[in-house]
Amino acid sequence: MRMRILAALAAISIAALTGCGENAGGGGTSGAAGTLRIMAPASPGGGWDQTSRVAEQALKAADPKRRVEVYNVPGAGGTIGLSQLAGEKGNGNLLMTMGLVMLGAVEQNKSKVTLAETTPIAKLTEEYEIVVVPADSPLKQLSDLVAAWKADPAKVSVAGGSAGGTDHIVAGLMAKAAGVDPKKVNYIAHSGGGEALNALLGGKVTIGISGVGEFAEHVKSGKLRALGITSAQRISGLDAPTLKEGGLDVELANWRGFVAPGGVSEGDKKALTDLVTKMHDSQPWKDAVAKNGWIDSFQTGQQFADYLTSEQARVKGIIAEMGLVS
Amino acid sequence: MDSLQLLIDGFGAALTPVNLLYALVGVTLGTLVGVLPGIGPAMTVALLLPITFTVPPASAFIMFAGIYYGGMYGGSTTSILLNTPGESSSMITALEGNKMARRGRAAQALATAAIGSFVAGTIATALLVVAAPAVVAFAIAFGPEDYFALAILAFTAVSAVLSRSLVRGLASLGLGLVIGLIGIDQQTGQARLTMGVPQLLDGIDVVIVAVGLFALGEALYVASRLRHSTPEVVPVGRAWMGRSDWARSWKPWLRGTALGFPFGALPGGGAEIPTFLSYAAEKRLARGTAREEYGKGAIEGVAGPEAANNASAAGTLVPLLTLGLPTSATAAILLAAFQQYGLQPGPQLFDHNPALVWGMIASLFIGNTMLLVLNLPLAPLWARVLRIPRPYLYAGIVVFAALGVYALNGTVVDLVVLYVLGLLGFAMRRFGLPVAPAVIGMILGPMAEIQLRRALAIGAGDVTVLVKSPVAVVLLLLALGALLTPLVRRLAVRRELAPTVIHEED
């Protein structure tokens, strides 16, 4: 009996080990034919993880001979994954999923490793942010919000995700454009869009900011009213003006993309770029983009590298102006 | 009865042999990950998310729901047998459950947990069918000030587990509050007490604290006593619940369900708080033998909290299905699974995909029944784990604890934290500090802090917002009542005792 229980426990442990064994496997050496590993620098289930896993499927479809595996390195807005990537210098079989949120986290957590030490490969998708109020709010349009903000910023509570994250950055940029000190924004951080949504539906906060996907359903059902979206043009199927139309010169995309470790050879860089381009053209990728409501914003090479640099500078600036870095 | 018809159709869809197999795999996997410290249902579902690429939605959700319920139940097994909770939501179960096991009543404790989970899961799923709109309205109306009041009420419930010495209990609670401070402050994004270690920026996972203080601390303590004393012989009692066990269990099951379901639906409620409240309530309500037994292995202290944590799992599904609001880690991942299928949970889900939703609800009933069928016969079998010689048993616990915690994030830092906490847990046992208040403090502290600051920020610094909501006032009054009743009762008793000396019997 005892032995049987012990054996059963041993079997469970083996199952548990193989379940996460992929995470612990050694990094492949440089070379085109090895297993491609994709690091999702977040817990399973989040946006980066989802992007990585969709990419895994699409890459397998684009190149059936290539082995692809995803592993998670969660923590600190992705900066733990970023510092691990720095230790893989020259590895041409490794990609890390990342995005705008990581730029903010690098600043806020004073990460020793920055994105300058990576090799940008491609920007993949974008999602826009949406500014909403509860349906019965007295704020009818963006100008009402600006007026309320100017009257007393403390009275305008802004619900969104983690402090220093995309939602907070949008709030800061909007305040700045409205001529209100970004430091005075009364930002109420929530863990994720769900909690913020609850605060909005319950009428506890004045406005809410999150990804379009988080709130769109409720705007359509009439429980929330959209004051503006952060895109350059209106989005089809959603009754919401852009922030620019409402008089605030703010545009922001919550983008995601791939970077490789620093110091990879030109050949490896080209091979990775070609592979990701092939993935982007594959049907499974197109299907996934449509299904998840992402906006395809594919960009590679120098173009993406320049974009990354300019975004980093912008995020760094607004985070400092909001008083988030000491 | 429109929903009844839809539910029957749901059963029709869910009761295919293939889906039953998925349900079986789900509850088995769920029970296993619940038993293993560290690995929880959230992580398991997340790792299985890629199956959504190939498996039809109904089957996948049936399996995921099985994992969720199974995990809630499985955590209680190690809590009861080894005083090492597999999940934070079954921590409270260890308090009375393990005492019962040491008195040879392990099988009864396991059985009341299994049946209580079944009863709570079934009632709560039925409530999901009929009461979802009302519960959602309640959840949405809950604001930061109400959460703060809830945390205060839960803090007063802690006094029920503070052990004999108030000072030691408060010391332990304080330790938990400090551990809860570690990491990035949510409102300002500033790091606190991280000592420059980036891995600490996200705080210490409550699972690591529970496993470290309970499991590892216990293993070290047992190891340290092994040579000093002859091991206490654990009597092996009867295998099944007796008449009095049933009589004493059914009310706590129902009360636990009543507490667990609504709190599960709250976005910030979680599965832990209803277990604290249930434990405290059962202790307060205990009379006669039960009152005597509290602290020494009262079956009520297992039945109530175990029902509460399973009911809260069902409660979580209310806002998830009706609003697309995830209120727990597992629910957040279930939401991701919905999105993988191109489904958006929310007001329209019930109208657009009734077959899927009702199939899933039906599968919850099936999974729940399967869980009972699987676990009830196993209870006496599990109880025999206690016969494994201690050195092997506790060595195994240490290995599994380390494995589970490493699997959580895959970092060595977590292991170091685990062992430091294990040593702390050992020291606390050595010097007679209870460990439960530390874990409770760690869960409640950050919640009370964040909600208080949110409430004050929204009210632009006005303190009166804390008592402007009727819900908050009621909760605060309950907390006050809970604090004052023992005092009043003691005063009353003293007055009665004053004129004539009454000999208390038994």
# chains A, B, ... in the order shown; residues from 1 in each chain; ligands from 1
$ interface_residues --of "chain A" --to "chain B" --cutoff "7 Å" --atoms "only C-alpha atoms" --output "short mmCIF file (atom, residue, chain, number, x, y, z; two decimals) with N, CA and C atoms, in the first residue's frame"
data_model
loop_
_atom_site.label_atom_id
_atom_site.label_comp_id
_atom_site.auth_asym_id
_atom_site.auth_seq_id
_atom_site.Cartn_x
_atom_site.Cartn_y
_atom_site.Cartn_z
N ARG A 2 1.78 1.27 0.98
CA ARG A 2 2.66 2.43 1.06
C ARG A 2 3.38 2.65 -0.26
N CYS A 20 6.55 21.27 -16.87
CA CYS A 20 7.29 22.53 -16.92
C CYS A 20 8.73 22.29 -17.35
N PRO A 44 1.54 32.57 -17.61
CA PRO A 44 0.63 32.04 -18.62
C PRO A 44 -0.72 32.74 -18.53
N GLY A 45 -1.33 32.99 -19.69
CA GLY A 45 -2.67 33.56 -19.70
C GLY A 45 -2.74 35.02 -20.08
N VAL A 73 8.75 33.41 -18.39
CA VAL A 73 9.60 33.96 -17.33
C VAL A 73 8.86 35.15 -16.74
N PRO A 74 7.95 34.91 -15.77
CA PRO A 74 7.13 36.00 -15.29
C PRO A 74 7.87 36.93 -14.35
N GLY A 75 7.35 38.12 -14.21
CA GLY A 75 7.83 38.99 -13.14
C GLY A 75 8.19 40.40 -13.55
N ALA A 76 7.83 41.36 -12.67
CA ALA A 76 8.27 42.75 -12.75
C ALA A 76 8.09 43.36 -14.14
N ILE A 80 12.32 40.88 -15.67
CA ILE A 80 13.07 39.69 -15.27
C ILE A 80 13.42 38.89 -16.52
N ALA A 154 -8.30 66.33 -8.54
CA ALA A 154 -8.47 65.33 -7.49
C ALA A 154 -9.85 64.69 -7.54
N LYS A 155 -10.83 65.44 -8.08
CA LYS A 155 -12.21 64.94 -8.09
C LYS A 155 -12.48 64.00 -9.26
N SER A 157 -11.56 60.74 -10.62
CA SER A 157 -10.82 59.50 -10.38
C SER A 157 -10.76 58.68 -11.67
N SER A 162 -2.24 48.62 -13.84
CA SER A 162 -1.17 48.87 -12.87
C SER A 162 -0.55 50.25 -13.05
N ALA A 163 -0.04 50.80 -11.95
CA ALA A 163 0.59 52.11 -11.97
C ALA A 163 1.79 52.08 -12.91
N GLY A 164 1.85 53.05 -13.81
CA GLY A 164 2.96 53.10 -14.76
C GLY A 164 2.71 52.27 -16.01
N ASN A 186 -5.60 61.83 -10.58
CA ASN A 186 -6.00 60.95 -9.47
C ASN A 186 -6.22 59.54 -10.03
N ILE A 188 -6.40 55.60 -10.07
CA ILE A 188 -6.69 54.49 -9.16
C ILE A 188 -6.28 53.20 -9.87
N ALA A 189 -5.15 52.64 -9.45
CA ALA A 189 -4.64 51.44 -10.13
C ALA A 189 -5.45 50.22 -9.71
N GLY A 194 -10.52 43.84 -15.62
CA GLY A 194 -11.74 43.33 -15.02
C GLY A 194 -12.13 44.10 -13.78
N GLU A 195 -11.14 44.32 -12.91
CA GLU A 195 -11.40 45.04 -11.66
C GLU A 195 -11.81 46.48 -11.94
N ASN A 198 -15.33 46.68 -13.12
CA ASN A 198 -16.26 46.57 -12.01
C ASN A 198 -16.47 47.92 -11.32
N ALA A 199 -15.36 48.64 -11.12
CA ALA A 199 -15.44 49.95 -10.47
C ALA A 199 -16.27 50.90 -11.33
N LEU A 201 -18.67 50.03 -13.71
CA LEU A 201 -20.08 49.61 -13.78
C LEU A 201 -20.78 49.95 -12.48
N GLY A 202 -20.03 49.92 -11.37
CA GLY A 202 -20.61 50.27 -10.08
C GLY A 202 -20.66 51.77 -9.84
N LYS A 204 -18.21 53.77 -9.26
CA LYS A 204 -17.34 54.21 -8.16
C LYS A 204 -16.31 55.23 -8.62
N VAL A 205 -15.97 55.23 -9.91
CA VAL A 205 -14.92 56.11 -10.41
C VAL A 205 -15.48 56.98 -11.53
N LYS A 291 -9.37 36.99 -34.78
CA LYS A 291 -10.14 36.46 -33.66
C LYS A 291 -9.95 37.28 -32.39
N ASN A 292 -8.70 37.73 -32.16
CA ASN A 292 -8.40 38.45 -30.93
C ASN A 292 -8.64 39.94 -31.03
N LEU A 324 6.53 59.24 -11.43
CA LEU A 324 6.54 57.82 -11.07
C LEU A 324 7.94 57.28 -10.85
#
$ residues_around --residues "Pro377 of chain B" --least-positions-apart "2" --cutoff "10 Å" --atoms "only C-alpha atoms" --output "MDAnalysis selection string"
chainID B and resid 107 111 239:240 372:375 379:382
$ write_last_selection --atoms "C-alpha atoms" --output "PDB file, in the first residue's frame"
ATOM      1  CA  ALA B 107     -11.222   9.602   7.362  1.00  0.00           C
ATOM      2  CA  ALA B 111     -15.222  12.683   4.125  1.00  0.00           C
ATOM      3  CA  ALA B 239     -13.501   4.602   8.157  1.00  0.00           C
ATOM      4  CA  TRP B 240     -16.803   6.423   7.666  1.00  0.00           C
ATOM      5  CA  LEU B 372     -17.420  12.932  -4.954  1.00  0.00           C
ATOM      6  CA  VAL B 373     -17.430   9.525  -6.613  1.00  0.00           C
ATOM      7  CA  LEU B 374     -13.682   9.712  -7.030  1.00  0.00           C
ATOM      8  CA  ASN B 375     -12.807  11.007  -3.588  1.00  0.00           C
ATOM      9  CA  ALA B 379     -10.815   9.014   1.984  1.00  0.00           C
ATOM     10  CA  PRO B 380     -10.022   5.968   4.149  1.00  0.00           C
ATOM     11  CA  LEU B 381      -7.237   5.099   1.728  1.00  0.00           C
ATOM     12  CA  TRP B 382      -5.685   8.550   1.972  1.00  0.00           C
TER      13      TRP B 382
END
$ select_by_dssp --residues "segment 41-150 of chain A" --states "strand (DSSP E)" --output "PyMOL selection string"
chain A and resi 68-72+94-99+118-134
$ select_by_dssp --residues "segment 276-315 of chain A" --states "helix (DSSP H, G or I)" --output "VMD selection string"
chain A and resid 276 to 281 283 to 292 301 to 315
$ write_last_selection --atoms "N, CA and C atoms" --output "compact mmCIF listing (two decimals), in the first residue's frame"
# COMPACT_ATOMS: atom_id res chain seq x y z
N VAL A 276 9.92 35.09 -39.13
CA VAL A 276 8.79 35.82 -38.54
C VAL A 276 7.92 36.42 -39.65
N THR A 277 8.55 36.86 -40.73
CA THR A 277 7.79 37.39 -41.86
C THR A 277 6.90 36.30 -42.46
N LYS A 278 7.50 35.09 -42.58
CA LYS A 278 6.73 33.96 -43.11
C LYS A 278 5.55 33.63 -42.18
N MET A 279 5.83 33.72 -40.86
CA MET A 279 4.77 33.47 -39.89
C MET A 279 3.65 34.49 -40.06
N HIS A 280 4.04 35.75 -40.22
CA HIS A 280 3.05 36.83 -40.35
C HIS A 280 2.16 36.61 -41.57
N ASP A 281 2.72 35.99 -42.63
CA ASP A 281 1.93 35.77 -43.84
C ASP A 281 1.06 34.52 -43.76
N GLN A 283 -1.76 31.69 -42.69
CA GLN A 283 -3.20 31.78 -42.42
C GLN A 283 -3.51 31.71 -40.92
N PRO A 284 -2.87 30.76 -40.16
CA PRO A 284 -3.18 30.70 -38.72
C PRO A 284 -2.95 32.03 -38.01
N TRP A 285 -1.89 32.75 -38.42
CA TRP A 285 -1.62 34.05 -37.79
C TRP A 285 -2.72 35.04 -38.12
N LYS A 286 -3.12 35.08 -39.40
CA LYS A 286 -4.16 36.02 -39.82
C LYS A 286 -5.47 35.72 -39.07
N ASP A 287 -5.76 34.43 -38.94
CA ASP A 287 -6.98 34.04 -38.22
C ASP A 287 -6.93 34.51 -36.77
N ALA A 288 -5.77 34.29 -36.15
CA ALA A 288 -5.65 34.64 -34.73
C ALA A 288 -5.77 36.14 -34.53
N VAL A 289 -5.17 36.92 -35.44
CA VAL A 289 -5.24 38.38 -35.34
C VAL A 289 -6.70 38.83 -35.40
N ALA A 290 -7.44 38.23 -36.36
CA ALA A 290 -8.84 38.61 -36.51
C ALA A 290 -9.64 38.21 -35.27
N LYS A 291 -9.37 36.99 -34.78
CA LYS A 291 -10.14 36.46 -33.66
C LYS A 291 -9.95 37.28 -32.39
N ASN A 292 -8.70 37.73 -32.16
CA ASN A 292 -8.40 38.45 -30.93
C ASN A 292 -8.64 39.94 -31.03
N GLY A 301 13.13 45.20 -39.19
CA GLY A 301 14.40 45.87 -39.51
C GLY A 301 14.58 47.22 -38.84
N GLN A 302 15.22 48.16 -39.58
CA GLN A 302 15.58 49.45 -39.03
C GLN A 302 14.34 50.23 -38.61
N GLN A 303 13.26 50.04 -39.38
CA GLN A 303 12.01 50.75 -39.11
C GLN A 303 11.53 50.47 -37.68
N PHE A 304 11.53 49.19 -37.31
CA PHE A 304 11.09 48.80 -35.97
C PHE A 304 12.09 49.28 -34.91
N ALA A 305 13.39 49.19 -35.24
CA ALA A 305 14.42 49.62 -34.29
C ALA A 305 14.24 51.10 -33.95
N ASP A 306 13.97 51.90 -34.99
CA ASP A 306 13.78 53.35 -34.77
C ASP A 306 12.52 53.61 -33.95
N TYR A 307 11.46 52.87 -34.26
CA TYR A 307 10.20 53.01 -33.53
C TYR A 307 10.40 52.73 -32.05
N LEU A 308 11.14 51.64 -31.78
CA LEU A 308 11.43 51.23 -30.41
C LEU A 308 12.15 52.36 -29.66
N THR A 309 13.14 52.95 -30.31
CA THR A 309 13.91 54.02 -29.67
C THR A 309 13.02 55.23 -29.37
N SER A 310 12.16 55.60 -30.32
CA SER A 310 11.34 56.79 -30.09
C SER A 310 10.28 56.53 -29.02
N GLU A 311 9.72 55.32 -29.00
CA GLU A 311 8.74 54.99 -27.98
C GLU A 311 9.37 55.00 -26.58
N GLN A 312 10.59 54.48 -26.51
CA GLN A 312 11.27 54.44 -25.22
C GLN A 312 11.45 55.86 -24.68
N ALA A 313 11.83 56.78 -25.57
CA ALA A 313 12.06 58.17 -25.14
C ALA A 313 10.74 58.80 -24.67
N ARG A 314 9.65 58.53 -25.41
CA ARG A 314 8.36 59.11 -25.05
C ARG A 314 7.87 58.58 -23.69
N VAL A 315 7.99 57.26 -23.49
CA VAL A 315 7.53 56.66 -22.24
C VAL A 315 8.35 57.17 -21.07
$ residues_around --residues "segment 238-248 of chain A" --least-positions-apart "2" --cutoff "12 Å" --atoms "only C-alpha atoms" --output "PyMOL selection string"
chain A and resi 128-132+140-146+170-180+212-213+215-222+224-236+250-252
$ residues_around --residues "Met96 of chain A" --least-positions-apart "5" --cutoff "9 Å" --atoms "only C-alpha atoms" --output "PyMOL selection string"
chain A and resi 37-41+52+81-82+85+257-261
$ write_last_selection --atoms "N, CA and C atoms" --output "CSV table (one decimal), in the first residue's frame"
chain,number,residue,atom,x,y,z
A,37,ARG,N,13.1,28.9,-29.5
A,37,ARG,CA,12.4,29.1,-28.3
A,37,ARG,C,11.9,30.5,-28.2
A,38,ILE,N,10.7,30.6,-27.7
A,38,ILE,CA,10.0,32.0,-27.6
A,38,ILE,C,9.8,32.2,-26.1
A,39,MET,N,10.4,33.3,-25.6
A,39,MET,CA,10.1,33.6,-24.2
A,39,MET,C,9.0,34.5,-24.0
A,40,ALA,N,8.0,34.1,-23.2
A,40,ALA,CA,6.9,35.0,-22.8
A,40,ALA,C,7.3,35.6,-21.5
A,41,PRO,N,7.7,36.8,-21.3
A,41,PRO,CA,8.2,37.3,-20.1
A,41,PRO,C,7.0,37.7,-19.1
A,52,SER,N,2.6,34.8,-27.7
A,52,SER,CA,3.7,33.8,-27.9
A,52,SER,C,3.1,32.5,-28.4
A,81,GLY,N,12.5,38.8,-17.4
A,81,GLY,CA,12.7,38.1,-18.7
A,81,GLY,C,13.8,38.8,-19.5
A,82,LEU,N,13.7,40.2,-19.5
A,82,LEU,CA,14.6,41.0,-20.2
A,82,LEU,C,16.1,40.7,-19.7
A,85,LEU,N,17.3,37.5,-20.9
A,85,LEU,CA,17.6,37.5,-22.4
A,85,LEU,C,19.0,38.1,-22.6
A,257,GLY,N,5.7,43.0,-29.9
A,257,GLY,CA,6.6,42.5,-30.9
A,257,GLY,C,7.6,41.5,-30.4
A,258,PHE,N,8.6,41.2,-31.3
A,258,PHE,CA,9.6,40.3,-30.9
A,258,PHE,C,11.0,41.0,-30.9
A,259,VAL,N,11.8,40.6,-29.9
A,259,VAL,CA,13.2,41.0,-29.9
A,259,VAL,C,14.0,39.7,-29.7
A,260,ALA,N,15.2,39.7,-30.2
A,260,ALA,CA,16.2,38.6,-30.0
A,260,ALA,C,17.3,39.1,-29.1
A,261,PRO,N,18.1,38.2,-28.5
A,261,PRO,CA,19.2,38.7,-27.6
A,261,PRO,C,20.1,39.6,-28.4
$ residues_around --residues "segment 117-131 of chain B" --least-positions-apart "4" --cutoff "9 Å" --atoms "only C-alpha atoms" --output "ChimeraX atom specification"
/B:3-4,7,69,72-73,112-113,135-136,253-254,256-258,260-261,303,306-315,317-318,358,361-362,364-365,368-369,371-372
$ write_last_selection --atoms "C-alpha atoms" --output "CSV table (one decimal), in the first residue's frame"
chain,number,residue,atom,x,y,z
B,3,SER,CA,-33.5,28.1,-18.2
B,4,LEU,CA,-34.5,24.7,-17.0
B,7,LEU,CA,-30.1,23.3,-18.7
B,69,TYR,CA,-13.4,22.3,-8.6
B,72,MET,CA,-10.5,23.4,-4.5
B,73,TYR,CA,-11.2,20.0,-3.1
B,112,THR,CA,-16.8,15.8,5.5
B,113,ALA,CA,-14.6,17.9,3.2
B,135,VAL,CA,-25.4,38.3,-7.4
B,136,VAL,CA,-23.9,40.3,-10.2
B,253,TRP,CA,-21.9,23.0,4.9
B,254,LEU,CA,-24.9,25.2,4.2
B,256,GLY,CA,-20.2,27.8,4.3
B,257,THR,CA,-22.0,27.7,1.0
B,258,ALA,CA,-24.0,30.8,1.9
B,260,GLY,CA,-18.6,31.3,-0.2
B,261,PHE,CA,-20.9,31.9,-3.1
B,303,ALA,CA,-17.0,21.2,7.0
B,306,GLU,CA,-14.3,23.4,2.8
B,307,ALA,CA,-17.9,24.1,1.7
B,308,ALA,CA,-17.0,27.8,1.5
B,309,ASN,CA,-14.1,27.4,-0.8
B,310,ASN,CA,-15.9,25.3,-3.3
B,311,ALA,CA,-18.9,27.5,-3.3
B,312,SER,CA,-16.7,30.5,-3.9
B,313,ALA,CA,-15.3,28.7,-7.0
B,314,ALA,CA,-18.8,28.5,-8.4
B,315,GLY,CA,-19.4,32.1,-7.3
B,317,LEU,CA,-18.2,32.0,-12.5
B,318,VAL,CA,-21.2,34.4,-12.1
B,358,TRP,CA,-25.5,25.7,-20.4
B,361,ILE,CA,-23.0,24.7,-16.3
B,362,ALA,CA,-24.3,21.1,-16.8
B,364,LEU,CA,-20.2,21.6,-13.5
B,365,PHE,CA,-22.8,19.4,-11.9
B,368,ASN,CA,-18.9,17.9,-9.0
B,369,THR,CA,-20.6,14.5,-8.8
B,371,LEU,CA,-15.4,14.5,-7.7
B,372,LEU,CA,-17.4,12.9,-5.0
$ residues_around --residues "Arg430 of chain B" --least-positions-apart "6" --cutoff "10 Å" --atoms "only C-alpha atoms" --output "PDB file with C-alpha atoms, in the first residue's frame"
ATOM      1  CA  GLY B 217       8.025  24.522   8.992  1.00  0.00           C
ATOM      2  CA  TYR B 221       9.752  20.754  13.402  1.00  0.00           C
ATOM      3  CA  SER B 224      13.779  18.187  15.155  1.00  0.00           C
ATOM      4  CA  LEU B 424      10.745  31.001  10.162  1.00  0.00           C
TER       5      LEU B 424
END
$ closest_residue --among "A:Thr118, A:Ser43, A:Gln299, A:Ser191" --to "Tyr71 of chain A" --atoms "only C-alpha atoms"
A:Ser43
$ atom_distance --atom1 "atom CA of Asp245 of chain B" --atom2 "atom CA of Pro274 of chain B"
22.4 Å
$ closest_residue --among "B:Ala58, B:Ala23, B:Phe64, B:Arg287" --to "Ala355 of chain B" --atoms "only C-alpha atoms"
B:Ala58
